[in-house]
Each structure stands twice: as structure tokens, then as C-alpha cells.
$ cat input-v1.txt   # compact mmCIF, C-alpha atoms
# COMPACT_ATOMS: atom_id res chain seq x y z
CA MET C 1 0.00 0.00 0.00
CA GLY C 2 1.26 3.45 -0.85
CA ALA C 3 1.59 6.25 1.63
CA SER C 4 -0.50 8.72 -0.33
CA LEU C 5 -4.25 9.04 -0.72
CA PRO C 6 -5.93 8.58 -4.10
CA HIS C 7 -6.18 11.68 -6.25
CA SER C 8 -9.83 11.05 -7.08
CA LEU C 9 -12.75 10.26 -4.83
CA TYR C 10 -16.04 8.85 -6.07
CA ARG C 11 -19.61 8.92 -4.82
CA ALA C 12 -21.38 5.60 -4.27
CA ASP C 13 -23.52 6.02 -7.40
CA GLN C 14 -20.37 6.68 -9.46
CA VAL C 15 -18.78 3.49 -8.14
CA ARG C 16 -21.90 1.44 -8.99
CA ASP C 17 -22.07 2.95 -12.48
CA GLY C 18 -18.36 2.32 -12.96
CA GLU C 19 -18.71 -1.30 -11.92
CA ARG C 20 -21.55 -1.82 -14.40
CA LYS C 21 -19.52 -0.18 -17.16
CA ILE C 22 -16.46 -2.31 -16.41
CA ALA C 23 -18.57 -5.49 -16.42
CA ALA C 24 -20.18 -4.50 -19.72
CA ASP C 25 -16.84 -3.53 -21.29
CA LEU C 26 -15.30 -6.84 -20.22
CA GLY C 27 -18.40 -8.82 -21.14
CA VAL C 28 -18.70 -10.36 -17.67
CA GLU C 29 -21.51 -10.68 -15.17
CA MET C 30 -21.58 -8.44 -12.11
CA TYR C 31 -21.16 -11.56 -9.98
CA THR C 32 -17.74 -12.06 -11.56
CA LEU C 33 -16.73 -8.66 -10.15
CA MET C 34 -18.04 -9.71 -6.73
CA GLU C 35 -15.94 -12.88 -6.91
CA SER C 36 -12.89 -10.79 -7.85
CA ALA C 37 -13.49 -8.34 -5.00
CA GLY C 38 -14.01 -11.18 -2.53
CA LEU C 39 -10.85 -12.94 -3.71
CA ALA C 40 -8.79 -9.74 -3.43
CA ALA C 41 -10.11 -9.11 0.10
CA TYR C 42 -9.48 -12.74 1.10
CA GLN C 43 -5.93 -12.61 -0.27
CA SER C 44 -5.33 -9.34 1.57
CA MET C 45 -6.52 -10.93 4.81
CA ARG C 46 -4.27 -13.98 4.35
CA SER C 47 -1.31 -11.78 3.46
CA ARG C 48 -1.79 -9.52 6.48
CA TRP C 49 -2.67 -12.26 9.00
CA PRO C 50 -1.31 -15.54 7.55
CA ALA C 51 -1.45 -17.43 10.85
CA ALA C 52 -5.13 -16.68 11.45
CA SER C 53 -7.21 -19.84 11.28
CA LYS C 54 -10.49 -18.72 12.93
CA ILE C 55 -12.41 -15.93 11.26
CA LEU C 56 -15.78 -14.38 11.83
CA VAL C 57 -17.54 -12.79 8.85
CA LEU C 58 -20.35 -10.30 9.51
CA CYS C 59 -22.66 -9.92 6.51
CA GLY C 60 -25.32 -7.40 5.65
CA GLY C 61 -27.94 -7.77 2.98
CA GLY C 62 -26.45 -6.05 -0.05
CA ASN C 63 -23.47 -6.63 -2.29
CA ASN C 64 -21.10 -5.84 0.57
CA GLY C 65 -22.62 -8.81 2.37
CA GLY C 66 -22.24 -10.80 -0.85
CA ASP C 67 -18.51 -10.01 -0.79
CA GLY C 68 -18.49 -11.39 2.77
CA TYR C 69 -20.07 -14.66 1.64
CA VAL C 70 -17.38 -14.98 -1.06
CA ILE C 71 -14.63 -14.38 1.52
CA ALA C 72 -16.20 -16.92 3.89
CA ARG C 73 -16.45 -19.52 1.12
CA LEU C 74 -12.81 -19.02 0.14
CA ALA C 75 -11.79 -19.38 3.80
CA ILE C 76 -13.71 -22.66 4.09
CA GLU C 77 -12.07 -23.92 0.89
CA ALA C 78 -8.69 -23.11 2.46
CA GLY C 79 -9.55 -25.10 5.59
CA LEU C 80 -10.08 -22.16 7.94
CA SER C 81 -12.67 -22.21 10.70
CA VAL C 82 -15.44 -19.81 9.66
CA THR C 83 -18.35 -18.35 11.59
CA LEU C 84 -20.72 -16.24 9.51
CA TRP C 85 -23.05 -13.86 11.34
CA SER C 86 -25.78 -12.41 9.14
CA VAL C 87 -27.57 -9.40 10.60
CA VAL C 88 -30.32 -9.75 8.00
CA ASP C 89 -32.60 -12.66 7.19
CA PRO C 90 -30.53 -14.63 4.62
CA SER C 91 -33.73 -15.81 2.92
CA LYS C 92 -34.33 -12.19 1.84
CA LEU C 93 -31.10 -11.94 -0.19
CA THR C 94 -31.44 -11.35 -3.92
CA GLY C 95 -29.22 -11.09 -6.95
CA ASP C 96 -25.48 -11.54 -6.63
CA ALA C 97 -25.58 -11.61 -2.81
CA LEU C 98 -27.99 -14.56 -3.02
CA THR C 99 -25.67 -16.36 -5.46
CA ALA C 100 -22.72 -15.78 -3.12
CA LYS C 101 -24.71 -17.10 -0.14
CA GLU C 102 -25.78 -20.23 -2.06
CA ARG C 103 -22.19 -20.99 -3.11
CA TYR C 104 -21.02 -20.50 0.49
CA LEU C 105 -23.68 -22.94 1.75
CA GLN C 106 -22.77 -25.47 -0.99
CA LYS C 107 -19.26 -25.58 0.49
CA GLY C 108 -20.67 -26.55 3.88
CA GLY C 109 -20.88 -23.08 5.37
CA ALA C 110 -23.40 -22.23 8.06
CA ILE C 111 -25.11 -18.97 8.95
CA THR C 112 -25.98 -17.69 12.39
CA ARG C 113 -28.36 -14.80 13.06
CA ASP C 114 -27.27 -14.46 16.69
CA LYS C 115 -24.32 -12.56 18.07
CA PRO C 116 -21.63 -15.21 18.38
CA ALA C 117 -20.46 -16.32 21.80
CA GLN C 118 -17.17 -17.35 20.22
CA THR C 119 -14.43 -15.03 21.39
CA GLU C 120 -11.49 -16.98 20.03
CA VAL C 121 -11.79 -15.32 16.63
CA GLU C 122 -8.48 -14.23 15.14
CA VAL C 123 -9.83 -11.93 12.41
CA VAL C 124 -13.22 -10.28 11.96
CA VAL C 125 -14.36 -9.53 8.40
CA ASP C 126 -16.73 -6.53 8.32
CA ALA C 127 -19.01 -7.00 5.28
CA LEU C 128 -22.01 -5.28 6.84
CA LEU C 129 -22.48 -2.03 5.01
CA GLY C 130 -21.09 -0.74 1.75
CA THR C 131 -20.53 2.66 0.26
CA GLY C 132 -24.19 3.03 -0.71
CA LEU C 133 -25.46 3.52 2.85
CA CYS C 134 -27.77 6.53 3.00
CA ARG C 135 -29.38 6.18 6.43
CA THR C 136 -28.33 6.16 10.05
CA VAL C 137 -27.13 2.78 11.27
CA ALA C 138 -29.59 1.25 13.74
CA GLY C 139 -30.97 -2.03 15.06
CA LYS C 140 -28.98 -5.21 14.44
CA PHE C 141 -26.49 -3.29 12.31
CA LEU C 142 -25.69 -0.91 15.16
CA GLU C 143 -25.44 -3.85 17.58
CA ALA C 144 -22.96 -5.54 15.21
CA VAL C 145 -20.87 -2.36 14.79
CA LYS C 146 -20.65 -1.97 18.56
CA TRP C 147 -19.70 -5.66 18.87
CA ILE C 148 -16.93 -5.23 16.29
CA ASN C 149 -15.57 -2.23 18.18
CA LEU C 150 -15.24 -4.34 21.35
CA GLN C 151 -13.12 -7.04 19.72
CA ALA C 152 -9.39 -7.22 20.42
CA CYS C 153 -8.56 -8.98 17.15
CA PRO C 154 -7.89 -7.28 13.81
CA VAL C 155 -10.79 -6.30 11.53
CA LEU C 156 -10.75 -6.47 7.74
CA ALA C 157 -13.32 -4.01 6.39
CA VAL C 158 -14.82 -4.66 2.96
CA ASP C 159 -15.28 -1.30 1.16
CA ILE C 160 -15.33 0.88 4.28
CA PRO C 161 -15.39 0.14 8.02
CA SER C 162 -19.04 -0.03 9.10
CA GLY C 163 -18.09 1.77 12.32
CA TRP C 164 -17.31 4.87 10.26
CA MET C 165 -20.80 4.92 8.82
CA ARG C 166 -23.65 7.10 9.97
CA ILE C 167 -24.43 6.00 13.48
CA PRO C 168 -26.28 7.91 16.18
CA ALA C 169 -23.91 10.23 18.03
CA PRO C 170 -23.50 9.61 21.71
CA SER C 171 -24.71 12.59 23.69
CA GLY C 172 -21.99 15.22 23.46
CA GLY C 173 -19.79 12.81 21.52
CA LYS C 174 -18.56 12.08 18.03
CA ARG C 175 -20.88 11.13 15.20
CA PHE C 176 -18.57 8.37 13.91
CA MET C 177 -17.17 5.36 15.69
CA GLN C 178 -13.92 3.90 14.49
CA ALA C 179 -13.75 0.22 13.78

$ encode --input "input-v1.txt" --output "C-alpha cells"
Amino acid sequence: MGASLPHSLYRADQVRDGERKIAADLGVEMYTLMESAGLAAYQSMRSRWPAASKILVLCGGGNNGGDGYVIARLAIEAGLSVTLWSVVDPSKLTGDALTAKERYLQKGGAITRDKPAQTEVEVVVDALLGTGLCRTVAGKFLEAVKWINLQACPVLAVDIPSGWMRIPAPSGGKRFMQA
């Protein structure tokens, strides 16, 4: 990773449009881009924490969650111990996120809807919320963000750390929590 910031910043709608254009230009399905993103994130995790064998993946309901399912599937294929915590009803997934979930389950993955009791996790993968978030984080999402912030292990954020998203400000405090 370089020491400088990118010269250009993009809005969420520009990123989505760019992804569609890239897929069309390459003649590939959008799911192929999700697989590529998930693989890149998985490889980054393994490069940064090669000894980690127990990971917890937190998934939301959109394509960011789909990336999480891809990462979890790749981890299972590599023989890692994977816990996947979905903060949304997995039966409600659609599109590419649904495809990613189905492929994860085909590899023997399991999904929990409850906050895990497991505290022996070596890496947490934050695939809760992507760049398209346009509301304040609340409910199960807020509970998950707070849970992430209490963990002592490293966190790999897909797209952007969910703890930096729009969450209710504590009285007299900051509006953003760092993951």
C-alpha cells in the first residue's frame, strides 16, 4: 500500500455505475466482479494475518454482504474455521448476494443470526455495510458495529469500516465510531 491518498474520490452512485460499465466492457456478469473483490479481500486478509485460522464474517444484505459470503467460502475452501453472522434474514437476499450465499452454503458453510459467543476469533471480516449507505445505522447493524468495536482482534473491512458509517452520536460525543 502506498503512503498517499488517491487523487480522485467517487460517490457511491459513481462506483456502482463504474462497476456496471467495467462489467459490460469486459463482457462479464456483475457476480464475476463480486468474486474478484471477494478474492482480493481474502488474499489481503491472508497476506496480512497468515497465521489466522479462525475468522468471523459479519454480513449485511447487499453486495457488501455478498462479498463477505465470497470471503467466507474461500476461507472454508482453504480449511479455515469460519463463523458467519448475518444481521439480515438470509432468505431475503437477492441477486449476486444470493448467489454468493448459495455458493457458500454449498461448500458446507453455516449462517448464524445471533451474536456469536465465540471469542477466540483471530480476524473479523466486516461486510455489513457498503458505500451506498444513506441512512443512520440502527438495530442489528448498530449492535454488530458496537460488537466489532469491542473485539481485540484485527478487523478487515470490505469497502469501508461499518463503524465509520452514519451512526447515532452519543450525547456530546462524536458522530462516527472507528472500527

$ atom_distance --input "input-v1.txt" --atom1 "atom CA of C:Asp17" --atom2 "atom CA of C:Arg73"
26.9 Å

$ atom_distance --input "input-v1.txt" --atom1 "atom CA of C:Arg48" --atom2 "atom CA of C:Met30"
27.2 Å

$ closest_atom_pairs --input "input-v1.txt" --of "stretch 27-73 of chain C" --to "stretch 138-150 of chain C" --cutoff "10 Å" --atoms "all atoms listed in the file" --output "JSON lines"
{"residue": "C:Leu58", "atom": "CA", "partner": "C:Ala144", "partner_atom": "CA", "distance": 7.9}
{"residue": "C:Cys59", "atom": "CA", "partner": "C:Phe141", "partner_atom": "CA", "distance": 9.6}
{"residue": "C:Gly60", "atom": "CA", "partner": "C:Phe141", "partner_atom": "CA", "distance": 7.9}

$ closest_residue --input "input-v1.txt" --among "C:Leu39, C:Ala24, C:Val70, C:Val15" --to "C:Gln106" --atoms "only C-alpha atoms"
C:Val70

$ residues_near_point --input "input-v1.txt" --point "(-4.9, -14.9, 2.7)" --cutoff "12 Å" --atoms "all atoms listed in the file" --output "MDAnalysis selection string"
chainID C and resid 38:53 55 71:72 74:80 123 156

$ residues_around --input "input-v1.txt" --residues "C:Val121" --least-positions-apart "5" --cutoff "8 Å" --atoms "all atoms listed in the file" --output "list in words"
Lys54, Ile55, Leu56 and Cys153 of chain C

$ closest_residue --input "input-v1.txt" --among "C:Ala157, C:Val82, C:Ala23, C:Ala152" --to "C:Ile111" --atoms "all atoms listed in the file"
C:Val82

$ residues_around --input "input-v1.txt" --residues "C:Ala100" --least-positions-apart "2" --cutoff "10 Å" --atoms "all atoms listed in the file" --output "ChimeraX atom specification"
/C:31,34-35,38,63,65-73,93-98,102-106

$ atom_distance --input "input-v1.txt" --atom1 "atom CA of C:Ala127" --atom2 "atom CA of C:Asn64"
5.3 Å

$ closest_residue --input "input-v1.txt" --among "C:Ala117, C:Gly108, C:Lys21, C:Leu128" --to "C:Gly61" --atoms "all atoms listed in the file"
C:Leu128

$ closest_residue --input "input-v1.txt" --among "C:Thr99, C:Thr136, C:Ser91, C:Ser81" --to "C:Glu122" --atoms "only C-alpha atoms"
C:Ser81

$ decode --input "input-v1.txt" --residues "stretch 46-147 of chain C" --atoms "C-alpha atoms" --output "PDB file, in the first residue's frame"
ATOM      1  CA  ARG C  46      -4.272 -13.981   4.350  1.00  0.00           C
ATOM      2  CA  SER C  47      -1.307 -11.776   3.461  1.00  0.00           C
ATOM      3  CA  ARG C  48      -1.790  -9.516   6.475  1.00  0.00           C
ATOM      4  CA  TRP C  49      -2.671 -12.263   9.001  1.00  0.00           C
ATOM      5  CA  PRO C  50      -1.306 -15.535   7.546  1.00  0.00           C
ATOM      6  CA  ALA C  51      -1.449 -17.433  10.850  1.00  0.00           C
ATOM      7  CA  ALA C  52      -5.132 -16.680  11.447  1.00  0.00           C
ATOM      8  CA  SER C  53      -7.211 -19.842  11.279  1.00  0.00           C
ATOM      9  CA  LYS C  54     -10.486 -18.723  12.931  1.00  0.00           C
ATOM     10  CA  ILE C  55     -12.414 -15.935  11.263  1.00  0.00           C
ATOM     11  CA  LEU C  56     -15.785 -14.384  11.829  1.00  0.00           C
ATOM     12  CA  VAL C  57     -17.537 -12.785   8.851  1.00  0.00           C
ATOM     13  CA  LEU C  58     -20.351 -10.296   9.509  1.00  0.00           C
ATOM     14  CA  CYS C  59     -22.662  -9.922   6.514  1.00  0.00           C
ATOM     15  CA  GLY C  60     -25.319  -7.397   5.646  1.00  0.00           C
ATOM     16  CA  GLY C  61     -27.944  -7.770   2.978  1.00  0.00           C
ATOM     17  CA  GLY C  62     -26.447  -6.050  -0.053  1.00  0.00           C
ATOM     18  CA  ASN C  63     -23.467  -6.633  -2.294  1.00  0.00           C
ATOM     19  CA  ASN C  64     -21.098  -5.838   0.574  1.00  0.00           C
ATOM     20  CA  GLY C  65     -22.620  -8.814   2.368  1.00  0.00           C
ATOM     21  CA  GLY C  66     -22.236 -10.805  -0.853  1.00  0.00           C
ATOM     22  CA  ASP C  67     -18.512 -10.014  -0.787  1.00  0.00           C
ATOM     23  CA  GLY C  68     -18.489 -11.388   2.768  1.00  0.00           C
ATOM     24  CA  TYR C  69     -20.070 -14.656   1.639  1.00  0.00           C
ATOM     25  CA  VAL C  70     -17.384 -14.978  -1.058  1.00  0.00           C
ATOM     26  CA  ILE C  71     -14.627 -14.384   1.517  1.00  0.00           C
ATOM     27  CA  ALA C  72     -16.204 -16.921   3.891  1.00  0.00           C
ATOM     28  CA  ARG C  73     -16.453 -19.523   1.115  1.00  0.00           C
ATOM     29  CA  LEU C  74     -12.811 -19.024   0.142  1.00  0.00           C
ATOM     30  CA  ALA C  75     -11.790 -19.379   3.797  1.00  0.00           C
ATOM     31  CA  ILE C  76     -13.712 -22.662   4.087  1.00  0.00           C
ATOM     32  CA  GLU C  77     -12.069 -23.916   0.886  1.00  0.00           C
ATOM     33  CA  ALA C  78      -8.685 -23.106   2.457  1.00  0.00           C
ATOM     34  CA  GLY C  79      -9.546 -25.099   5.587  1.00  0.00           C
ATOM     35  CA  LEU C  80     -10.078 -22.165   7.944  1.00  0.00           C
ATOM     36  CA  SER C  81     -12.669 -22.210  10.705  1.00  0.00           C
ATOM     37  CA  VAL C  82     -15.444 -19.809   9.661  1.00  0.00           C
ATOM     38  CA  THR C  83     -18.349 -18.349  11.595  1.00  0.00           C
ATOM     39  CA  LEU C  84     -20.716 -16.239   9.506  1.00  0.00           C
ATOM     40  CA  TRP C  85     -23.055 -13.863  11.345  1.00  0.00           C
ATOM     41  CA  SER C  86     -25.778 -12.408   9.140  1.00  0.00           C
ATOM     42  CA  VAL C  87     -27.569  -9.403  10.602  1.00  0.00           C
ATOM     43  CA  VAL C  88     -30.316  -9.747   7.998  1.00  0.00           C
ATOM     44  CA  ASP C  89     -32.598 -12.656   7.185  1.00  0.00           C
ATOM     45  CA  PRO C  90     -30.533 -14.626   4.621  1.00  0.00           C
ATOM     46  CA  SER C  91     -33.735 -15.811   2.917  1.00  0.00           C
ATOM     47  CA  LYS C  92     -34.335 -12.191   1.836  1.00  0.00           C
ATOM     48  CA  LEU C  93     -31.098 -11.937  -0.190  1.00  0.00           C
ATOM     49  CA  THR C  94     -31.440 -11.348  -3.919  1.00  0.00           C
ATOM     50  CA  GLY C  95     -29.218 -11.086  -6.953  1.00  0.00           C
ATOM     51  CA  ASP C  96     -25.479 -11.538  -6.626  1.00  0.00           C
ATOM     52  CA  ALA C  97     -25.581 -11.613  -2.815  1.00  0.00           C
ATOM     53  CA  LEU C  98     -27.992 -14.559  -3.017  1.00  0.00           C
ATOM     54  CA  THR C  99     -25.672 -16.356  -5.457  1.00  0.00           C
ATOM     55  CA  ALA C 100     -22.721 -15.784  -3.117  1.00  0.00           C
ATOM     56  CA  LYS C 101     -24.711 -17.099  -0.137  1.00  0.00           C
ATOM     57  CA  GLU C 102     -25.777 -20.229  -2.055  1.00  0.00           C
ATOM     58  CA  ARG C 103     -22.187 -20.988  -3.111  1.00  0.00           C
ATOM     59  CA  TYR C 104     -21.023 -20.502   0.486  1.00  0.00           C
ATOM     60  CA  LEU C 105     -23.678 -22.942   1.746  1.00  0.00           C
ATOM     61  CA  GLN C 106     -22.766 -25.468  -0.987  1.00  0.00           C
ATOM     62  CA  LYS C 107     -19.258 -25.583   0.490  1.00  0.00           C
ATOM     63  CA  GLY C 108     -20.667 -26.549   3.878  1.00  0.00           C
ATOM     64  CA  GLY C 109     -20.880 -23.077   5.368  1.00  0.00           C
ATOM     65  CA  ALA C 110     -23.401 -22.234   8.060  1.00  0.00           C
ATOM     66  CA  ILE C 111     -25.107 -18.968   8.947  1.00  0.00           C
ATOM     67  CA  THR C 112     -25.979 -17.687  12.394  1.00  0.00           C
ATOM     68  CA  ARG C 113     -28.362 -14.800  13.060  1.00  0.00           C
ATOM     69  CA  ASP C 114     -27.271 -14.457  16.686  1.00  0.00           C
ATOM     70  CA  LYS C 115     -24.325 -12.564  18.075  1.00  0.00           C
ATOM     71  CA  PRO C 116     -21.625 -15.208  18.377  1.00  0.00           C
ATOM     72  CA  ALA C 117     -20.458 -16.316  21.796  1.00  0.00           C
ATOM     73  CA  GLN C 118     -17.172 -17.347  20.221  1.00  0.00           C
ATOM     74  CA  THR C 119     -14.432 -15.026  21.391  1.00  0.00           C
ATOM     75  CA  GLU C 120     -11.492 -16.984  20.025  1.00  0.00           C
ATOM     76  CA  VAL C 121     -11.788 -15.323  16.630  1.00  0.00           C
ATOM     77  CA  GLU C 122      -8.481 -14.231  15.144  1.00  0.00           C
ATOM     78  CA  VAL C 123      -9.827 -11.928  12.410  1.00  0.00           C
ATOM     79  CA  VAL C 124     -13.219 -10.283  11.959  1.00  0.00           C
ATOM     80  CA  VAL C 125     -14.364  -9.527   8.401  1.00  0.00           C
ATOM     81  CA  ASP C 126     -16.732  -6.533   8.320  1.00  0.00           C
ATOM     82  CA  ALA C 127     -19.005  -6.998   5.281  1.00  0.00           C
ATOM     83  CA  LEU C 128     -22.007  -5.283   6.840  1.00  0.00           C
ATOM     84  CA  LEU C 129     -22.480  -2.033   5.013  1.00  0.00           C
ATOM     85  CA  GLY C 130     -21.087  -0.742   1.749  1.00  0.00           C
ATOM     86  CA  THR C 131     -20.533   2.656   0.264  1.00  0.00           C
ATOM     87  CA  GLY C 132     -24.188   3.028  -0.707  1.00  0.00           C
ATOM     88  CA  LEU C 133     -25.462   3.518   2.849  1.00  0.00           C
ATOM     89  CA  CYS C 134     -27.771   6.533   3.002  1.00  0.00           C
ATOM     90  CA  ARG C 135     -29.384   6.184   6.427  1.00  0.00           C
ATOM     91  CA  THR C 136     -28.334   6.160  10.054  1.00  0.00           C
ATOM     92  CA  VAL C 137     -27.132   2.781  11.274  1.00  0.00           C
ATOM     93  CA  ALA C 138     -29.589   1.254  13.740  1.00  0.00           C
ATOM     94  CA  GLY C 139     -30.968  -2.034  15.059  1.00  0.00           C
ATOM     95  CA  LYS C 140     -28.984  -5.211  14.444  1.00  0.00           C
ATOM     96  CA  PHE C 141     -26.494  -3.292  12.307  1.00  0.00           C
ATOM     97  CA  LEU C 142     -25.692  -0.906  15.159  1.00  0.00           C
ATOM     98  CA  GLU C 143     -25.444  -3.846  17.575  1.00  0.00           C
ATOM     99  CA  ALA C 144     -22.959  -5.535  15.213  1.00  0.00           C
ATOM    100  CA  VAL C 145     -20.870  -2.364  14.792  1.00  0.00           C
ATOM    101  CA  LYS C 146     -20.654  -1.973  18.556  1.00  0.00           C
ATOM    102  CA  TRP C 147     -19.702  -5.665  18.875  1.00  0.00           C
TER     103      TRP C 147
END
